[in-house]
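Let me begin by presenting the structure, written as structure tokens, before commenting on it.
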There are 2 protein chains.
Amino acid sequence: MQSFEFFYDFSSPYSYLASTQVERVAREAGAAVRFRPFFLGGVFKAVNGHPPFETPAKFQHMIVDLARWAKRYRVPFNMPAQFPVPSITALRAALAAEKAGQLVPFSHAMFRAVWADSKEIGDPAQIVSIARAAGLDAEPFVAAAAEHKDALRAQTEEAVSRGAFGAPTFFVGDELFLGNDRLDFVKEALLAAK
Amino acid sequence: MQSFEFFYDFSSPYSYLASTQVERVAREAGAAVRFRPFFLGGVFKAVNGHPPFETPAKFQHMIVDLARWAKRYRVPFNMPAQFPVPSITALRAALAAEKAGQLVPFSHAMFRAVWADSKEIGDPAQIVSIARAAGLDAEPFVAAAAEHKDALRAQTEEAVSRGAFGAPTFFVGDELFLGNDRLDFVKEALLAAK
């Protein structure tokens with residue numbers, strides 16, 4: 001089965017938007033999507049990139065643009081009170097959740113918490129509480145988060161070595177696509193490879 | 001009649017892509033498009049922005065992404081030998097062309113020269129030669145280019161004061177849209193305003 005990779009960080013609003021669509025795209029393309037959390041701060045550092053909030057006019061437009069996409073996708077969207085979002089513990093916990101076969105529901109729960117429900121995910125107790133509301137027992141994931149520090153770094157470095165410079169990043173084989181707004185190109189690439 | 005503004009610089013490849021689509025969008029939305037050259041270097045300077053070629057991974061992806069869009073639009077696209085493109089004389093000449101009612105054909109000729117035909121537009125003689133091949137007598141525009149230095153700066157400052165931070169930038173009234181990939185949002189906004 002054809003597949004594509006979805007690299008994301010819970011701190012990235014365009015990753016949240018993409019998270020609401022990747023399973024639809026996979027279904028429409030008859031492909032599988034592989035969820036791959038990475039640390040966007042590490043990506044920016046590695047490529048000498050610039051987070052959008054460094055340029056006020058860009059940030060201002062981003063907030064409007066995000067609302068336009070949310071309306072198009074018919075998904076809830078609210079800027080979090082806490083921005084940038086401290087996501088690293090949740091990302092490491094996501095890799096622990098992956099070992100338990102719970103990466104996808106755990107990731108959806110974190111994305112919704114931050115970008116729809118205005119909840120904070122910086123602290124272990126917040127992560128556990130959010131995951132519990134989504135029907136997941138995340139205590140073991142959070143407890144094992146620290147053990148996945150190196151794995152998160154390795155996953156981030158892998159993405160950078162393959163050309164990533166922002167989020168969300170998609171790969172169809174070696175082909176890189178940046179942004180939820182390139183998901184139609186991802187779908188085309190999947191269909192063309194059939 | 002409803003209308004939208006199209007701010008562009010000949011040095012911007014996404015502005016070129018947009019230039020091949022704005023008249024179609026206008027037609028489909030039953031609206032008019034107003035061509036408004038501005039100086040992207042001045043925009044970046046004013047907003048503390050970063051041209052994409054400052055981040056190698058971003059630039060690498062941009063080249064691939066541009067080719068994807070050109071294929072979708074079925075328009076020719078070639079990266080110019082000279083990059084960044086020295087566009088300021090052509091931009092000033094475009095404002096002179098506007099006074100003669102020739103802004104749109106002049107702009108299409110410059111865009112095609114740079115992004116399809118791998119021609120340079122840095123020198124007055126090159127601009128005149130390209131415009132002549134497109135059936136335009138551009139000698140008076142180039143001769144008057146220097147007189148439009150302040151007008152180009154004013155147009156650039158106006159865009160920045162209204163929130164612009166890159167190119168192409170579109171306005172539907174006060175609503176700002178960045179990038180050829182947002183033209184469908186522009187069309188929706190035009191139709192919604194009817």
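Residues are referred to by chain and number: the chain letter is A, B, ... according to the order shown in the structure tokens, the number counts from 1 in that chain, and ligands are numbered separately from 1 in the order shown.
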- Message: Give me, as a PyMOL selection string, the residues of chain B touching chain A, with the criterion being at most 10 Å (counting only C-alpha atoms).
- Response: chain B and resi 44+47-50+52+54-62+64-65+68-69+72+160-166+175-178+181-182+185
Residues from the last selection, N, CA, C and O atoms, saved as a compact mmCIF listing (two decimals), in the first residue's frame:
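The resulting file, out.txt, is reproduced below:
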```txt
# COMPACT_ATOMS: atom_id res chain seq x y z
N PHE B 44 10.51 43.62 2.52
CA PHE B 44 11.27 42.79 3.47
C PHE B 44 12.03 43.68 4.46
O PHE B 44 12.07 43.40 5.65
N VAL B 47 9.54 45.25 7.07
CA VAL B 47 8.89 44.37 8.06
C VAL B 47 9.89 43.44 8.75
O VAL B 47 9.49 42.58 9.53
N ASN B 48 11.19 43.62 8.45
CA ASN B 48 12.19 42.71 9.00
C ASN B 48 11.91 41.27 8.55
O ASN B 48 11.95 40.33 9.35
N GLY B 49 11.54 41.13 7.29
CA GLY B 49 11.24 39.80 6.74
C GLY B 49 12.48 39.13 6.19
O GLY B 49 13.57 39.73 6.17
N HIS B 50 12.33 37.90 5.77
CA HIS B 50 13.46 37.12 5.29
C HIS B 50 13.16 36.54 3.92
O HIS B 50 12.24 35.73 3.79
N PRO B 52 13.29 33.94 0.95
CA PRO B 52 13.44 32.48 1.11
C PRO B 52 14.85 31.97 0.85
O PRO B 52 15.26 30.98 1.44
N GLU B 54 17.47 32.92 1.93
CA GLU B 54 18.32 32.97 3.12
C GLU B 54 18.38 31.62 3.83
O GLU B 54 19.29 31.36 4.60
N THR B 55 17.35 30.78 3.63
CA THR B 55 17.31 29.46 4.26
C THR B 55 17.43 28.41 3.15
O THR B 55 16.48 28.19 2.40
N PRO B 56 18.61 27.77 3.02
CA PRO B 56 18.84 26.87 1.88
C PRO B 56 17.78 25.78 1.72
O PRO B 56 17.33 25.54 0.59
N ALA B 57 17.36 25.15 2.81
CA ALA B 57 16.35 24.07 2.69
C ALA B 57 15.04 24.64 2.14
O ALA B 57 14.35 24.00 1.34
N LYS B 58 14.69 25.85 2.57
CA LYS B 58 13.47 26.50 2.10
C LYS B 58 13.57 26.82 0.61
O LYS B 58 12.63 26.62 -0.16
N PHE B 59 14.71 27.31 0.22
CA PHE B 59 14.93 27.66 -1.18
C PHE B 59 14.87 26.42 -2.07
O PHE B 59 14.27 26.43 -3.15
N GLN B 60 15.48 25.35 -1.59
CA GLN B 60 15.47 24.08 -2.31
C GLN B 60 14.04 23.61 -2.56
O GLN B 60 13.67 23.21 -3.66
N HIS B 61 13.23 23.67 -1.50
CA HIS B 61 11.82 23.27 -1.62
C HIS B 61 11.07 24.21 -2.54
O HIS B 61 10.20 23.79 -3.32
N MET B 62 11.38 25.49 -2.47
CA MET B 62 10.67 26.49 -3.28
C MET B 62 10.80 26.17 -4.77
O MET B 62 9.83 26.27 -5.52
N VAL B 64 11.21 23.30 -6.20
CA VAL B 64 10.35 22.14 -6.51
C VAL B 64 8.88 22.56 -6.49
O VAL B 64 8.09 22.19 -7.37
N ASP B 65 8.53 23.34 -5.49
CA ASP B 65 7.14 23.78 -5.33
C ASP B 65 6.69 24.65 -6.50
O ASP B 65 5.57 24.51 -7.01
N ARG B 68 5.85 22.53 -9.38
CA ARG B 68 4.54 21.87 -9.20
C ARG B 68 3.40 22.80 -9.60
O ARG B 68 2.44 22.40 -10.27
N TRP B 69 3.50 24.06 -9.16
CA TRP B 69 2.45 25.03 -9.49
C TRP B 69 2.40 25.31 -10.99
O TRP B 69 1.33 25.42 -11.58
N ARG B 72 0.65 22.57 -12.63
CA ARG B 72 -0.80 22.64 -12.39
C ARG B 72 -1.44 23.72 -13.27
O ARG B 72 -2.53 23.53 -13.81
N VAL B 160 2.84 48.05 2.68
CA VAL B 160 3.36 47.69 4.01
C VAL B 160 2.43 48.23 5.09
O VAL B 160 2.11 47.53 6.05
N SER B 161 1.98 49.46 4.92
CA SER B 161 1.11 50.07 5.94
C SER B 161 -0.22 49.33 6.04
O SER B 161 -0.89 49.36 7.06
N ARG B 162 -0.59 48.63 4.96
CA ARG B 162 -1.84 47.86 4.98
C ARG B 162 -1.61 46.40 5.38
O ARG B 162 -2.53 45.59 5.33
N GLY B 163 -0.36 46.06 5.74
CA GLY B 163 -0.10 44.73 6.29
C GLY B 163 0.74 43.80 5.43
O GLY B 163 1.00 42.66 5.82
N ALA B 164 1.17 44.26 4.24
CA ALA B 164 1.94 43.37 3.36
C ALA B 164 3.30 43.02 3.96
O ALA B 164 3.92 43.84 4.63
N PHE B 165 3.74 41.79 3.71
CA PHE B 165 5.06 41.34 4.20
C PHE B 165 5.73 40.42 3.19
O PHE B 165 6.77 39.83 3.47
N GLY B 166 5.15 40.25 2.01
CA GLY B 166 5.71 39.37 0.98
C GLY B 166 4.98 39.60 -0.31
O GLY B 166 4.18 40.52 -0.43
N GLU B 175 -9.07 43.20 3.33
CA GLU B 175 -8.64 41.82 3.57
C GLU B 175 -7.39 41.51 2.77
O GLU B 175 -7.38 41.61 1.54
N LEU B 176 -6.34 41.06 3.46
CA LEU B 176 -5.06 40.75 2.82
C LEU B 176 -4.92 39.24 2.61
O LEU B 176 -5.27 38.45 3.50
N PHE B 177 -4.37 38.87 1.46
CA PHE B 177 -4.10 37.47 1.14
C PHE B 177 -2.69 37.40 0.59
O PHE B 177 -2.32 38.19 -0.27
N LEU B 178 -1.91 36.44 1.09
CA LEU B 178 -0.53 36.31 0.60
C LEU B 178 -0.35 35.04 -0.22
O LEU B 178 -0.65 33.94 0.26
N ASP B 181 -1.12 30.78 -3.90
CA ASP B 181 -1.90 29.66 -3.35
C ASP B 181 -3.10 30.11 -2.52
O ASP B 181 -3.83 29.28 -1.99
N ARG B 182 -3.29 31.40 -2.42
CA ARG B 182 -4.47 31.91 -1.71
C ARG B 182 -5.49 32.54 -2.69
O ARG B 182 -6.47 33.15 -2.26
N PHE B 185 -9.03 31.71 -2.07
CA PHE B 185 -9.64 32.49 -0.99
C PHE B 185 -10.04 33.88 -1.49
O PHE B 185 -11.06 34.43 -1.09
```
Near B:Ser15, counting only C-alpha atoms, which residues have an atom at most 9 Å away, once you skip same-chain residues fewer than 6 positions from it, shown as a compact mmCIF listing (two decimals) with C-alpha atoms, in the first residue's frame?
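Heads up, here's the output in selection.txt:
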```
# COMPACT_ATOMS: atom_id res chain seq x y z
CA PHE B 6 -2.55 42.51 -7.01
CA PHE B 7 0.76 43.74 -5.54
CA TYR B 8 3.76 42.13 -7.24
CA ASP B 9 7.43 42.38 -8.02
CA PHE B 111 7.23 38.25 -15.94
CA ALA B 167 4.61 38.87 -2.60
CA PRO B 168 2.27 38.45 -4.27
CA THR B 169 -0.11 40.26 -1.94
CA GLY B 179 0.58 34.03 -2.20
CA ASN B 180 -0.70 32.59 -5.46
```
LSQ fit chain A -> chain B, C-alpha in sequence order, output as a PDB file with C-alpha atoms, in the first residue's frame:
```
ATOM      1  CA  MET A   1     -17.850  46.372 -10.031  1.00  0.00           C
ATOM      2  CA  GLN A   2     -16.096  44.413  -7.282  1.00  0.00           C
ATOM      3  CA  SER A   3     -12.302  44.454  -7.583  1.00  0.00           C
ATOM      4  CA  PHE A   4      -9.121  43.219  -5.989  1.00  0.00           C
ATOM      5  CA  GLU A   5      -5.570  44.514  -5.914  1.00  0.00           C
ATOM      6  CA  PHE A   6      -2.549  42.503  -7.005  1.00  0.00           C
ATOM      7  CA  PHE A   7       0.762  43.734  -5.537  1.00  0.00           C
ATOM      8  CA  TYR A   8       3.754  42.137  -7.238  1.00  0.00           C
ATOM      9  CA  ASP A   9       7.421  42.379  -8.014  1.00  0.00           C
ATOM     10  CA  PHE A  10       8.984  40.925 -11.178  1.00  0.00           C
ATOM     11  CA  SER A  11      11.655  39.387  -8.936  1.00  0.00           C
ATOM     12  CA  SER A  12       9.084  37.176  -7.186  1.00  0.00           C
ATOM     13  CA  PRO A  13       8.415  33.764  -8.774  1.00  0.00           C
ATOM     14  CA  TYR A  14       5.132  33.312  -6.913  1.00  0.00           C
ATOM     15  CA  SER A  15       4.096  36.721  -8.277  1.00  0.00           C
ATOM     16  CA  TYR A  16       4.804  35.412 -11.777  1.00  0.00           C
ATOM     17  CA  LEU A  17       2.631  32.357 -11.114  1.00  0.00           C
ATOM     18  CA  ALA A  18      -0.122  34.623  -9.787  1.00  0.00           C
ATOM     19  CA  SER A  19       0.194  36.882 -12.854  1.00  0.00           C
ATOM     20  CA  THR A  20      -0.823  33.931 -15.034  1.00  0.00           C
ATOM     21  CA  GLN A  21      -4.012  33.442 -12.992  1.00  0.00           C
ATOM     22  CA  VAL A  22      -5.305  36.793 -11.706  1.00  0.00           C
ATOM     23  CA  GLU A  23      -7.266  37.610 -14.851  1.00  0.00           C
ATOM     24  CA  ARG A  24      -8.934  34.184 -14.782  1.00  0.00           C
ATOM     25  CA  VAL A  25      -9.836  34.669 -11.105  1.00  0.00           C
ATOM     26  CA  ALA A  26     -11.227  38.128 -11.854  1.00  0.00           C
ATOM     27  CA  ARG A  27     -13.300  36.738 -14.726  1.00  0.00           C
ATOM     28  CA  GLU A  28     -14.628  33.833 -12.664  1.00  0.00           C
ATOM     29  CA  ALA A  29     -15.545  36.177  -9.805  1.00  0.00           C
ATOM     30  CA  GLY A  30     -17.053  38.807 -12.100  1.00  0.00           C
ATOM     31  CA  ALA A  31     -14.536  41.265 -10.683  1.00  0.00           C
ATOM     32  CA  ALA A  32     -11.733  43.530 -11.873  1.00  0.00           C
ATOM     33  CA  VAL A  33      -8.084  43.100 -10.950  1.00  0.00           C
ATOM     34  CA  ARG A  34      -5.866  46.111 -10.365  1.00  0.00           C
ATOM     35  CA  PHE A  35      -2.153  45.543 -11.092  1.00  0.00           C
ATOM     36  CA  ARG A  36       0.065  47.289  -8.535  1.00  0.00           C
ATOM     37  CA  PRO A  37       3.835  46.848  -8.822  1.00  0.00           C
ATOM     38  CA  PHE A  38       5.821  47.289  -5.610  1.00  0.00           C
ATOM     39  CA  PHE A  39       9.406  46.697  -4.527  1.00  0.00           C
ATOM     40  CA  LEU A  40       9.649  43.461  -2.552  1.00  0.00           C
ATOM     41  CA  GLY A  41      13.137  44.254  -1.246  1.00  0.00           C
ATOM     42  CA  GLY A  42      11.637  47.361   0.363  1.00  0.00           C
ATOM     43  CA  VAL A  43       8.858  45.290   1.891  1.00  0.00           C
ATOM     44  CA  PHE A  44      11.275  42.789   3.453  1.00  0.00           C
ATOM     45  CA  LYS A  45      13.373  45.647   4.788  1.00  0.00           C
ATOM     46  CA  ALA A  46      10.338  47.416   6.276  1.00  0.00           C
ATOM     47  CA  VAL A  47       8.903  44.368   8.059  1.00  0.00           C
ATOM     48  CA  ASN A  48      12.201  42.709   8.988  1.00  0.00           C
ATOM     49  CA  GLY A  49      11.244  39.800   6.726  1.00  0.00           C
ATOM     50  CA  HIS A  50      13.466  37.116   5.278  1.00  0.00           C
ATOM     51  CA  PRO A  51      13.710  36.264   1.571  1.00  0.00           C
ATOM     52  CA  PRO A  52      13.442  32.483   1.117  1.00  0.00           C
ATOM     53  CA  PHE A  53      16.925  32.150  -0.347  1.00  0.00           C
ATOM     54  CA  GLU A  54      18.324  32.958   3.102  1.00  0.00           C
ATOM     55  CA  THR A  55      17.318  29.457   4.255  1.00  0.00           C
ATOM     56  CA  PRO A  56      18.843  26.865   1.879  1.00  0.00           C
ATOM     57  CA  ALA A  57      16.340  24.071   2.685  1.00  0.00           C
ATOM     58  CA  LYS A  58      13.461  26.494   2.105  1.00  0.00           C
ATOM     59  CA  PHE A  59      14.940  27.662  -1.182  1.00  0.00           C
ATOM     60  CA  GLN A  60      15.464  24.073  -2.315  1.00  0.00           C
ATOM     61  CA  HIS A  61      11.821  23.249  -1.616  1.00  0.00           C
ATOM     62  CA  MET A  62      10.682  26.484  -3.271  1.00  0.00           C
ATOM     63  CA  ILE A  63      12.214  25.477  -6.596  1.00  0.00           C
ATOM     64  CA  VAL A  64      10.351  22.143  -6.517  1.00  0.00           C
ATOM     65  CA  ASP A  65       7.145  23.781  -5.330  1.00  0.00           C
ATOM     66  CA  LEU A  66       7.264  26.389  -8.110  1.00  0.00           C
ATOM     67  CA  ALA A  67       7.585  23.628 -10.691  1.00  0.00           C
ATOM     68  CA  ARG A  68       4.551  21.864  -9.199  1.00  0.00           C
ATOM     69  CA  TRP A  69       2.443  25.021  -9.492  1.00  0.00           C
ATOM     70  CA  ALA A  70       3.631  25.725 -13.037  1.00  0.00           C
ATOM     71  CA  LYS A  71       2.614  22.204 -14.013  1.00  0.00           C
ATOM     72  CA  ARG A  72      -0.790  22.643 -12.391  1.00  0.00           C
ATOM     73  CA  TYR A  73      -1.327  25.979 -14.137  1.00  0.00           C
ATOM     74  CA  ARG A  74       0.164  24.621 -17.389  1.00  0.00           C
ATOM     75  CA  VAL A  75       2.494  27.580 -17.717  1.00  0.00           C
ATOM     76  CA  PRO A  76       6.206  27.581 -18.500  1.00  0.00           C
ATOM     77  CA  PHE A  77       8.625  28.062 -15.622  1.00  0.00           C
ATOM     78  CA  ASN A  78      12.397  28.245 -15.462  1.00  0.00           C
ATOM     79  CA  MET A  79      14.591  29.544 -12.656  1.00  0.00           C
ATOM     80  CA  PRO A  80      16.517  32.550 -13.992  1.00  0.00           C
ATOM     81  CA  ALA A  81      20.287  32.446 -14.228  1.00  0.00           C
ATOM     82  CA  GLN A  82      20.409  35.703 -12.302  1.00  0.00           C
ATOM     83  CA  PHE A  83      18.823  35.382  -8.858  1.00  0.00           C
ATOM     84  CA  PRO A  84      17.798  37.469  -6.972  1.00  0.00           C
ATOM     85  CA  VAL A  85      16.419  39.314  -9.996  1.00  0.00           C
ATOM     86  CA  PRO A  86      17.327  43.025 -10.176  1.00  0.00           C
ATOM     87  CA  SER A  87      13.836  44.357 -10.854  1.00  0.00           C
ATOM     88  CA  ILE A  88      13.814  47.939  -9.692  1.00  0.00           C
ATOM     89  CA  THR A  89      14.265  49.671 -13.063  1.00  0.00           C
ATOM     90  CA  ALA A  90      11.571  47.490 -14.632  1.00  0.00           C
ATOM     91  CA  LEU A  91       9.223  48.237 -11.705  1.00  0.00           C
ATOM     92  CA  ARG A  92       9.711  51.990 -12.095  1.00  0.00           C
ATOM     93  CA  ALA A  93       9.234  51.628 -15.860  1.00  0.00           C
ATOM     94  CA  ALA A  94       6.015  49.707 -15.129  1.00  0.00           C
ATOM     95  CA  LEU A  95       4.635  52.770 -13.346  1.00  0.00           C
ATOM     96  CA  ALA A  96       5.525  54.852 -16.427  1.00  0.00           C
ATOM     97  CA  ALA A  97       3.783  52.236 -18.573  1.00  0.00           C
ATOM     98  CA  GLU A  98       0.739  52.570 -16.311  1.00  0.00           C
ATOM     99  CA  LYS A  99       0.447  56.271 -17.221  1.00  0.00           C
ATOM    100  CA  ALA A 100       0.315  55.183 -20.877  1.00  0.00           C
ATOM    101  CA  GLY A 101      -2.317  52.547 -20.157  1.00  0.00           C
ATOM    102  CA  GLN A 102       0.189  49.737 -20.784  1.00  0.00           C
ATOM    103  CA  LEU A 103       0.840  48.413 -17.277  1.00  0.00           C
ATOM    104  CA  VAL A 104      -0.755  45.007 -17.728  1.00  0.00           C
ATOM    105  CA  PRO A 105       0.877  43.959 -21.040  1.00  0.00           C
ATOM    106  CA  PHE A 106       4.193  45.442 -19.899  1.00  0.00           C
ATOM    107  CA  SER A 107       4.024  43.438 -16.659  1.00  0.00           C
ATOM    108  CA  HIS A 108       3.154  40.189 -18.419  1.00  0.00           C
ATOM    109  CA  ALA A 109       6.092  40.737 -20.774  1.00  0.00           C
ATOM    110  CA  MET A 110       8.530  41.252 -17.872  1.00  0.00           C
ATOM    111  CA  PHE A 111       7.221  38.248 -15.934  1.00  0.00           C
ATOM    112  CA  ARG A 112       7.475  35.957 -18.954  1.00  0.00           C
ATOM    113  CA  ALA A 113      10.947  37.210 -19.795  1.00  0.00           C
ATOM    114  CA  VAL A 114      12.298  36.455 -16.321  1.00  0.00           C
ATOM    115  CA  TRP A 115      10.427  33.295 -15.319  1.00  0.00           C
ATOM    116  CA  ALA A 116       9.741  31.538 -18.617  1.00  0.00           C
ATOM    117  CA  ASP A 117      12.334  32.775 -21.119  1.00  0.00           C
ATOM    118  CA  SER A 118      15.393  33.085 -18.829  1.00  0.00           C
ATOM    119  CA  LYS A 119      15.992  36.688 -19.877  1.00  0.00           C
ATOM    120  CA  GLU A 120      17.528  39.398 -17.738  1.00  0.00           C
ATOM    121  CA  ILE A 121      15.706  42.659 -17.004  1.00  0.00           C
ATOM    122  CA  GLY A 122      18.345  44.542 -15.036  1.00  0.00           C
ATOM    123  CA  ASP A 123      19.373  46.933 -17.814  1.00  0.00           C
ATOM    124  CA  PRO A 124      17.233  49.481 -19.677  1.00  0.00           C
ATOM    125  CA  ALA A 125      18.252  48.038 -23.069  1.00  0.00           C
ATOM    126  CA  GLN A 126      17.090  44.555 -22.019  1.00  0.00           C
ATOM    127  CA  ILE A 127      13.748  45.908 -20.839  1.00  0.00           C
ATOM    128  CA  VAL A 128      13.198  47.792 -24.094  1.00  0.00           C
ATOM    129  CA  SER A 129      14.138  44.762 -26.176  1.00  0.00           C
ATOM    130  CA  ILE A 130      11.798  42.419 -24.254  1.00  0.00           C
ATOM    131  CA  ALA A 131       8.902  44.870 -24.396  1.00  0.00           C
ATOM    132  CA  ARG A 132       9.476  45.396 -28.128  1.00  0.00           C
ATOM    133  CA  ALA A 133       9.231  41.645 -28.735  1.00  0.00           C
ATOM    134  CA  ALA A 134       5.872  41.826 -26.946  1.00  0.00           C
ATOM    135  CA  GLY A 135       4.725  44.620 -29.271  1.00  0.00           C
ATOM    136  CA  LEU A 136       5.290  47.475 -26.833  1.00  0.00           C
ATOM    137  CA  ASP A 137       7.355  50.589 -27.360  1.00  0.00           C
ATOM    138  CA  ALA A 138       8.943  50.693 -23.918  1.00  0.00           C
ATOM    139  CA  GLU A 139      11.654  53.245 -24.634  1.00  0.00           C
ATOM    140  CA  PRO A 140       9.610  56.121 -23.182  1.00  0.00           C
ATOM    141  CA  PHE A 141       8.757  54.022 -20.115  1.00  0.00           C
ATOM    142  CA  VAL A 142      12.392  53.226 -19.426  1.00  0.00           C
ATOM    143  CA  ALA A 143      13.387  56.813 -20.114  1.00  0.00           C
ATOM    144  CA  ALA A 144      10.829  57.970 -17.516  1.00  0.00           C
ATOM    145  CA  ALA A 145      11.666  55.220 -14.993  1.00  0.00           C
ATOM    146  CA  ALA A 146      13.744  57.442 -12.728  1.00  0.00           C
ATOM    147  CA  GLU A 147      10.844  59.891 -12.429  1.00  0.00           C
ATOM    148  CA  HIS A 148       8.796  57.113 -10.821  1.00  0.00           C
ATOM    149  CA  LYS A 149      11.226  56.309  -8.048  1.00  0.00           C
ATOM    150  CA  ASP A 150       9.135  58.070  -5.397  1.00  0.00           C
ATOM    151  CA  ALA A 151       5.872  56.638  -6.747  1.00  0.00           C
ATOM    152  CA  LEU A 152       7.245  53.089  -6.458  1.00  0.00           C
ATOM    153  CA  ARG A 153       8.416  53.786  -2.941  1.00  0.00           C
ATOM    154  CA  ALA A 154       5.010  55.240  -2.030  1.00  0.00           C
ATOM    155  CA  GLN A 155       3.185  52.242  -3.486  1.00  0.00           C
ATOM    156  CA  THR A 156       5.482  49.915  -1.521  1.00  0.00           C
ATOM    157  CA  GLU A 157       4.966  51.860   1.703  1.00  0.00           C
ATOM    158  CA  GLU A 158       1.216  51.831   1.158  1.00  0.00           C
ATOM    159  CA  ALA A 159       1.211  48.037   0.869  1.00  0.00           C
ATOM    160  CA  VAL A 160       3.353  47.687   4.008  1.00  0.00           C
ATOM    161  CA  SER A 161       1.101  50.060   5.946  1.00  0.00           C
ATOM    162  CA  ARG A 162      -1.833  47.867   4.976  1.00  0.00           C
ATOM    163  CA  GLY A 163      -0.097  44.746   6.290  1.00  0.00           C
ATOM    164  CA  ALA A 164       1.928  43.375   3.362  1.00  0.00           C
ATOM    165  CA  PHE A 165       5.050  41.351   4.189  1.00  0.00           C
ATOM    166  CA  GLY A 166       5.703  39.370   0.992  1.00  0.00           C
ATOM    167  CA  ALA A 167       4.611  38.868  -2.611  1.00  0.00           C
ATOM    168  CA  PRO A 168       2.256  38.450  -4.268  1.00  0.00           C
ATOM    169  CA  THR A 169      -0.119  40.261  -1.940  1.00  0.00           C
ATOM    170  CA  PHE A 170      -3.791  40.623  -2.760  1.00  0.00           C
ATOM    171  CA  PHE A 171      -6.366  42.897  -1.183  1.00  0.00           C
ATOM    172  CA  VAL A 172     -10.115  42.536  -1.342  1.00  0.00           C
ATOM    173  CA  GLY A 173     -10.968  45.788   0.390  1.00  0.00           C
ATOM    174  CA  ASP A 174      -8.965  45.614   3.612  1.00  0.00           C
ATOM    175  CA  GLU A 175      -8.638  41.834   3.575  1.00  0.00           C
ATOM    176  CA  LEU A 176      -5.066  40.741   2.829  1.00  0.00           C
ATOM    177  CA  PHE A 177      -4.110  37.460   1.143  1.00  0.00           C
ATOM    178  CA  LEU A 178      -0.543  36.299   0.600  1.00  0.00           C
ATOM    179  CA  GLY A 179       0.579  34.025  -2.210  1.00  0.00           C
ATOM    180  CA  ASN A 180      -0.702  32.593  -5.459  1.00  0.00           C
ATOM    181  CA  ASP A 181      -1.904  29.646  -3.347  1.00  0.00           C
ATOM    182  CA  ARG A 182      -4.483  31.914  -1.701  1.00  0.00           C
ATOM    183  CA  LEU A 183      -6.160  32.985  -4.961  1.00  0.00           C
ATOM    184  CA  ASP A 184      -9.055  30.629  -4.269  1.00  0.00           C
ATOM    185  CA  PHE A 185      -9.641  32.479  -0.987  1.00  0.00           C
ATOM    186  CA  VAL A 186      -9.501  35.765  -2.944  1.00  0.00           C
ATOM    187  CA  LYS A 187     -12.146  34.449  -5.303  1.00  0.00           C
ATOM    188  CA  GLU A 188     -14.336  33.328  -2.398  1.00  0.00           C
ATOM    189  CA  ALA A 189     -14.038  36.744  -0.759  1.00  0.00           C
ATOM    190  CA  LEU A 190     -15.022  38.455  -4.016  1.00  0.00           C
ATOM    191  CA  LEU A 191     -18.031  36.207  -4.481  1.00  0.00           C
ATOM    192  CA  ALA A 192     -19.063  36.575  -0.818  1.00  0.00           C
ATOM    193  CA  ALA A 193     -18.994  40.371  -1.138  1.00  0.00           C
ATOM    194  CA  LYS A 194     -21.481  40.362  -4.015  1.00  0.00           C
TER     195      LYS A 194
END
```
- Can you list, as a PyMOL selection string, every residue of chain B that DSSP puts in strand (DSSP E)? chain B and resi 3-8+32-37+169-172+175-178
- Using DSSP on the backbone coordinates, identify the residues of chain B assigned to helix (DSSP H, G or I); present them as a ChimeraX atom specification. /B:13-19,22-29,40-47,52-54,56-73,88-99,103-115,124-133,139-143,145-161,180-192
